[in-house]
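Following: one structure in structure tokens, then a few remarks.
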Amino acid sequence: LLTVLFIFSAYFLLSLWAMRKDRAEMVSKDKIIVLPDNDPFDKVSFLVTLYTGSRWGAGTSADVFLQLIGQNGTSDIHCLRHPELPAFRQGSTDCFLLTTKEDLGDIRAFRVWHNNRGPSPSWFLSRAKVERVSIQKTWFFMCRKWLALDKGDRLLERTFCVTNPKAPLSRKDYFFIDLANGLKEGHLWLSVFAQVLTGTYSRLQRLSSCLTILI
């Protein structure tokens with residue numbers, strides 16, 4: 001009897017936490033963040049999607065800056081921040097609407113860095129995607145690097161070149177991406193406590209499934 005009471009008490013407390021997390025994620029999930037520093041007179045729009053890694057400590061509290069590099073020129077430097085929408089949490093996918101004055105042509109690379117501020121500034125960028133909105137052309141980037149002073153090769157700024165979409169992923173990259181997705185979606189217990197959920201089921205639904213298994 002004590003075991004059953006303990007299980008239901010733990011479920012009640014965790015369900016309150018899960019509902020609060022689900023509500024918070026509903027606000028920011030699948031949102032496109034329009035950058036406040038976009039010029040309203042700019043002519044060209046890009047969707048820049050950045051995938052923060054799922055490893056421990058991958059998210060950053062720092063302000064992140066980005067510049068697109070195209071065959072015809074470069075964009076202005078943009079701060080990827082919005083006062084009402086948090087970004088770059090561990091395992092998160094963040095999409096930004098970024099505008100430029102002129103057509104950059106095919107995107108060749110992008111520069112990205114951060115100001116190393118906050119309690120946990122280190123950031124692991126897994127991959128990125130840049131889409132030209134008007135013509136729906138997309139460029140992919142395999143990054144998988146730390147931007148940190150205490151991890152990896154201790155660099156805060158990097159330039160990533162576009163990845164050939166026809167080139168196969170390295171075994172190492174495929175393994176880590178598949179492992180991260182598998183732990184978040186394939187492992188019921190771990191998925192409840194994932195920093196960011198990517199499936200269709202909420203934390204409360206997953207927690208209730210765990211309770212069903214226990215009883």
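Going through the structure tokens in order, the chains are called A, B, and so on, while each chain numbers its residues from 1 and the ligands are numbered from 1 in the order shown.
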
Please identify all polymer residues within 9 Å of segment 56-59 of chain A, counting only C-alpha atoms, omitting same-chain residues fewer than 4 positions from it, and present them as an mmCIF file with all heavy atoms, in the first residue's frame.
data_model
loop_
_atom_site.group_PDB
_atom_site.id
_atom_site.type_symbol
_atom_site.label_atom_id
_atom_site.label_comp_id
_atom_site.auth_asym_id
_atom_site.auth_seq_id
_atom_site.Cartn_x
_atom_site.Cartn_y
_atom_site.Cartn_z
ATOM 1 N N THR A 52 20.471 23.029 -31.881
ATOM 2 C CA THR A 52 21.378 22.879 -30.742
ATOM 3 C C THR A 52 21.489 21.409 -30.379
ATOM 4 O O THR A 52 20.497 20.682 -30.397
ATOM 5 C CB THR A 52 20.875 23.691 -29.538
ATOM 6 O OG1 THR A 52 20.852 25.087 -29.893
ATOM 7 C CG2 THR A 52 21.759 23.499 -28.328
ATOM 8 N N ALA A 87 15.743 30.842 -26.747
ATOM 9 C CA ALA A 87 16.302 30.015 -27.816
ATOM 10 C C ALA A 87 17.572 29.318 -27.330
ATOM 11 O O ALA A 87 18.102 29.627 -26.268
ATOM 12 C CB ALA A 87 16.617 30.879 -29.045
ATOM 13 N N PHE A 88 18.013 28.362 -28.130
ATOM 14 C CA PHE A 88 19.280 27.667 -27.927
ATOM 15 C C PHE A 88 19.330 26.878 -26.632
ATOM 16 O O PHE A 88 20.351 26.811 -25.954
ATOM 17 C CB PHE A 88 20.455 28.656 -28.002
ATOM 18 C CG PHE A 88 20.444 29.486 -29.245
ATOM 19 C CD1 PHE A 88 20.385 30.870 -29.173
ATOM 20 C CD2 PHE A 88 20.461 28.893 -30.493
ATOM 21 C CE1 PHE A 88 20.360 31.650 -30.315
ATOM 22 C CE2 PHE A 88 20.442 29.660 -31.648
ATOM 23 C CZ PHE A 88 20.384 31.043 -31.555
ATOM 24 N N ARG A 89 18.199 26.255 -26.286
ATOM 25 C CA ARG A 89 18.206 25.309 -25.186
ATOM 26 C C ARG A 89 18.743 23.968 -25.675
ATOM 27 O O ARG A 89 18.753 23.681 -26.864
ATOM 28 C CB ARG A 89 16.792 25.141 -24.617
ATOM 29 C CG ARG A 89 16.242 26.391 -23.937
ATOM 30 C CD ARG A 89 14.806 26.183 -23.519
ATOM 31 N NE ARG A 89 13.937 25.957 -24.660
ATOM 32 C CZ ARG A 89 12.714 25.469 -24.587
ATOM 33 N NH1 ARG A 89 12.210 25.116 -23.427
ATOM 34 N NH2 ARG A 89 11.989 25.303 -25.672
ATOM 35 N N GLN A 90 19.159 23.151 -24.748
ATOM 36 C CA GLN A 90 19.676 21.827 -25.093
ATOM 37 C C GLN A 90 18.645 21.061 -25.920
ATOM 38 O O GLN A 90 17.501 20.887 -25.510
ATOM 39 C CB GLN A 90 20.009 21.062 -23.820
ATOM 40 C CG GLN A 90 20.522 19.639 -24.053
ATOM 41 C CD GLN A 90 20.750 18.911 -22.744
ATOM 42 O OE1 GLN A 90 20.924 19.530 -21.703
ATOM 43 N NE2 GLN A 90 20.731 17.594 -22.784
ATOM 44 N N GLY A 91 19.037 20.607 -27.115
ATOM 45 C CA GLY A 91 18.159 19.821 -27.982
ATOM 46 C C GLY A 91 17.131 20.622 -28.743
ATOM 47 O O GLY A 91 16.283 20.034 -29.416
ATOM 48 N N SER A 92 17.188 21.952 -28.695
ATOM 49 C CA SER A 92 16.141 22.760 -29.330
ATOM 50 C C SER A 92 16.411 22.985 -30.818
ATOM 51 O O SER A 92 17.544 22.885 -31.291
ATOM 52 C CB SER A 92 16.007 24.113 -28.631
ATOM 53 O OG SER A 92 17.145 24.924 -28.879
ATOM 54 N N SER A 120 25.839 29.827 -18.270
ATOM 55 C CA SER A 120 26.290 28.645 -19.035
ATOM 56 C C SER A 120 26.427 29.027 -20.503
ATOM 57 O O SER A 120 25.592 28.653 -21.334
ATOM 58 C CB SER A 120 25.298 27.489 -18.869
ATOM 59 O OG SER A 120 23.981 27.909 -19.200
ATOM 60 N N PRO A 121 27.478 29.757 -20.872
ATOM 61 C CA PRO A 121 27.603 30.284 -22.235
ATOM 62 C C PRO A 121 28.014 29.259 -23.288
ATOM 63 O O PRO A 121 27.770 29.470 -24.483
ATOM 64 C CB PRO A 121 28.669 31.366 -22.083
ATOM 65 C CG PRO A 121 29.498 30.919 -20.925
ATOM 66 C CD PRO A 121 28.540 30.248 -19.986
ATOM 67 N N SER A 122 28.652 28.171 -22.898
ATOM 68 C CA SER A 122 29.126 27.189 -23.881
ATOM 69 C C SER A 122 27.959 26.667 -24.714
ATOM 70 O O SER A 122 26.880 26.387 -24.184
ATOM 71 C CB SER A 122 29.827 26.030 -23.170
ATOM 72 O OG SER A 122 30.952 26.495 -22.449
ATOM 73 N N TRP A 123 28.191 26.500 -26.016
ATOM 74 C CA TRP A 123 27.116 26.121 -26.943
ATOM 75 C C TRP A 123 27.630 25.089 -27.928
ATOM 76 O O TRP A 123 28.703 25.266 -28.516
ATOM 77 C CB TRP A 123 26.615 27.357 -27.683
ATOM 78 C CG TRP A 123 25.472 27.134 -28.630
ATOM 79 C CD1 TRP A 123 24.413 26.305 -28.462
ATOM 80 C CD2 TRP A 123 25.273 27.779 -29.891
ATOM 81 N NE1 TRP A 123 23.560 26.376 -29.531
ATOM 82 C CE2 TRP A 123 24.064 27.286 -30.433
ATOM 83 C CE3 TRP A 123 25.990 28.724 -30.611
ATOM 84 C CZ2 TRP A 123 23.568 27.696 -31.672
ATOM 85 C CZ3 TRP A 123 25.508 29.149 -31.841
ATOM 86 C CH2 TRP A 123 24.305 28.635 -32.360
ATOM 87 N N PHE A 124 26.842 24.020 -28.119
ATOM 88 C CA PHE A 124 27.177 23.007 -29.125
ATOM 89 C C PHE A 124 26.161 23.101 -30.257
ATOM 90 O O PHE A 124 24.979 22.798 -30.073
ATOM 91 C CB PHE A 124 27.166 21.599 -28.530
ATOM 92 C CG PHE A 124 27.633 20.542 -29.492
ATOM 93 C CD1 PHE A 124 28.985 20.313 -29.691
ATOM 94 C CD2 PHE A 124 26.729 19.790 -30.225
ATOM 95 C CE1 PHE A 124 29.423 19.351 -30.593
ATOM 96 C CE2 PHE A 124 27.151 18.833 -31.119
ATOM 97 C CZ PHE A 124 28.505 18.612 -31.307
ATOM 98 N N LEU A 125 26.629 23.539 -31.421
ATOM 99 C CA LEU A 125 25.772 23.665 -32.602
ATOM 100 C C LEU A 125 25.875 22.389 -33.423
ATOM 101 O O LEU A 125 26.957 22.041 -33.919
ATOM 102 C CB LEU A 125 26.189 24.880 -33.423
ATOM 103 C CG LEU A 125 25.417 25.134 -34.717
ATOM 104 C CD1 LEU A 125 23.926 25.304 -34.443
ATOM 105 C CD2 LEU A 125 25.961 26.352 -35.445
ATOM 106 N N TRP A 146 31.625 22.767 -30.791
ATOM 107 C CA TRP A 146 31.424 23.628 -29.642
ATOM 108 C C TRP A 146 31.845 25.052 -29.971
ATOM 109 O O TRP A 146 32.849 25.272 -30.652
ATOM 110 C CB TRP A 146 32.258 23.145 -28.453
ATOM 111 C CG TRP A 146 31.704 21.966 -27.728
ATOM 112 C CD1 TRP A 146 32.102 20.662 -27.841
ATOM 113 C CD2 TRP A 146 30.640 21.970 -26.758
ATOM 114 N NE1 TRP A 146 31.358 19.860 -27.026
ATOM 115 C CE2 TRP A 146 30.461 20.637 -26.331
ATOM 116 C CE3 TRP A 146 29.836 22.966 -26.212
ATOM 117 C CZ2 TRP A 146 29.500 20.269 -25.393
ATOM 118 C CZ3 TRP A 146 28.881 22.612 -25.271
ATOM 119 C CH2 TRP A 146 28.719 21.289 -24.867
#

**Study point:** Near-Val48 of chain A list (7 Å; only C-alpha atoms; drop same-chain fewer than 5 positions) as an NGL selection string
**Key:** :A and (95-98 or 129-131)

Review point. Using only C-alpha atoms, which residues sit within 7 Å of Thr93 of chain A once same-chain residues fewer than 5 positions away are excluded, as a VMD selection string?
Key: chain A and resid 49 to 52

Atoms to include: N, CA and C atoms. Write the selected residues as a JSON list (two decimals), in the first residue's frame.
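Contents of out_6.json, freshly written:
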[["chain", "number", "residue", "atom", "x", "y", "z"],
["A", 49, "THR", "N", 17.53, 28.12, -39.61],
["A", 49, "THR", "CA", 17.18, 27.15, -38.57],
["A", 49, "THR", "C", 18.46, 26.58, -37.98],
["A", 50, "LEU", "N", 18.60, 26.70, -36.68],
["A", 50, "LEU", "CA", 19.77, 26.20, -35.97],
["A", 50, "LEU", "C", 19.36, 25.10, -35.00],
["A", 51, "TYR", "N", 20.10, 24.01, -35.03],
["A", 51, "TYR", "CA", 19.80, 22.84, -34.20],
["A", 51, "TYR", "C", 20.87, 22.74, -33.10],
["A", 52, "THR", "N", 20.47, 23.03, -31.88],
["A", 52, "THR", "CA", 21.38, 22.88, -30.74],
["A", 52, "THR", "C", 21.49, 21.41, -30.38]]

Check your understanding: Looking at only C-alpha atoms, which of A:Ala109, A:Ala10, A:Ile213, A:Cys161 is the one that sits closest to Asn72 of chain A?
Key ->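 For Asn72 of chain A, the nearest of the candidates is A:Ala109.
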
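Nearest-residue note for Lys101 of chain A: choosing from A:Phe8, A:Phe46, A:Phe160, A:Phe140, the minimum distance belongs to A:Phe46, counting only C-alpha atoms.
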
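Considering only segment 9-72 of chain A, backbone DSSP assigns strand (DSSP E or B) to Ile32, Ile33, Val34, Val44, Ser45, Phe46, Leu47, Val48, Thr49, Leu50, Tyr51, Thr52, Val64, Phe65, Leu66, Gln67, Leu68, Ile69 and Gly70 of chain A.
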
Residues from last step as file, C-alpha atoms, as a compact mmCIF listing (two decimals), in the first residue's frame:
# COMPACT_ATOMS: atom_id res chain seq x y z
CA ILE A 32 9.48 31.54 -36.36
CA ILE A 33 11.39 34.25 -34.51
CA VAL A 34 11.34 37.51 -36.44
CA VAL A 44 15.22 39.45 -49.33
CA SER A 45 14.12 37.05 -46.58
CA PHE A 46 15.78 33.91 -45.26
CA LEU A 47 14.69 31.33 -42.71
CA VAL A 48 17.70 30.31 -40.65
CA THR A 49 17.18 27.15 -38.57
CA LEU A 50 19.77 26.20 -35.97
CA TYR A 51 19.80 22.84 -34.20
CA THR A 52 21.38 22.88 -30.74
CA VAL A 64 24.37 34.50 -30.47
CA PHE A 65 25.31 36.47 -33.59
CA LEU A 66 25.20 35.32 -37.22
CA GLN A 67 26.19 36.57 -40.68
CA LEU A 68 25.29 34.86 -43.97
CA ILE A 69 27.95 34.63 -46.67
CA GLY A 70 26.73 34.31 -50.27

Check your understanding: Restricting the calculation to only C-alpha atoms, which member of A:Asp153, A:Gly53, A:Ala128, A:Lys43 is positioned closest to Leu104 of chain A?
Key ->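 The closest residue to Leu104 of chain A is A:Lys43.
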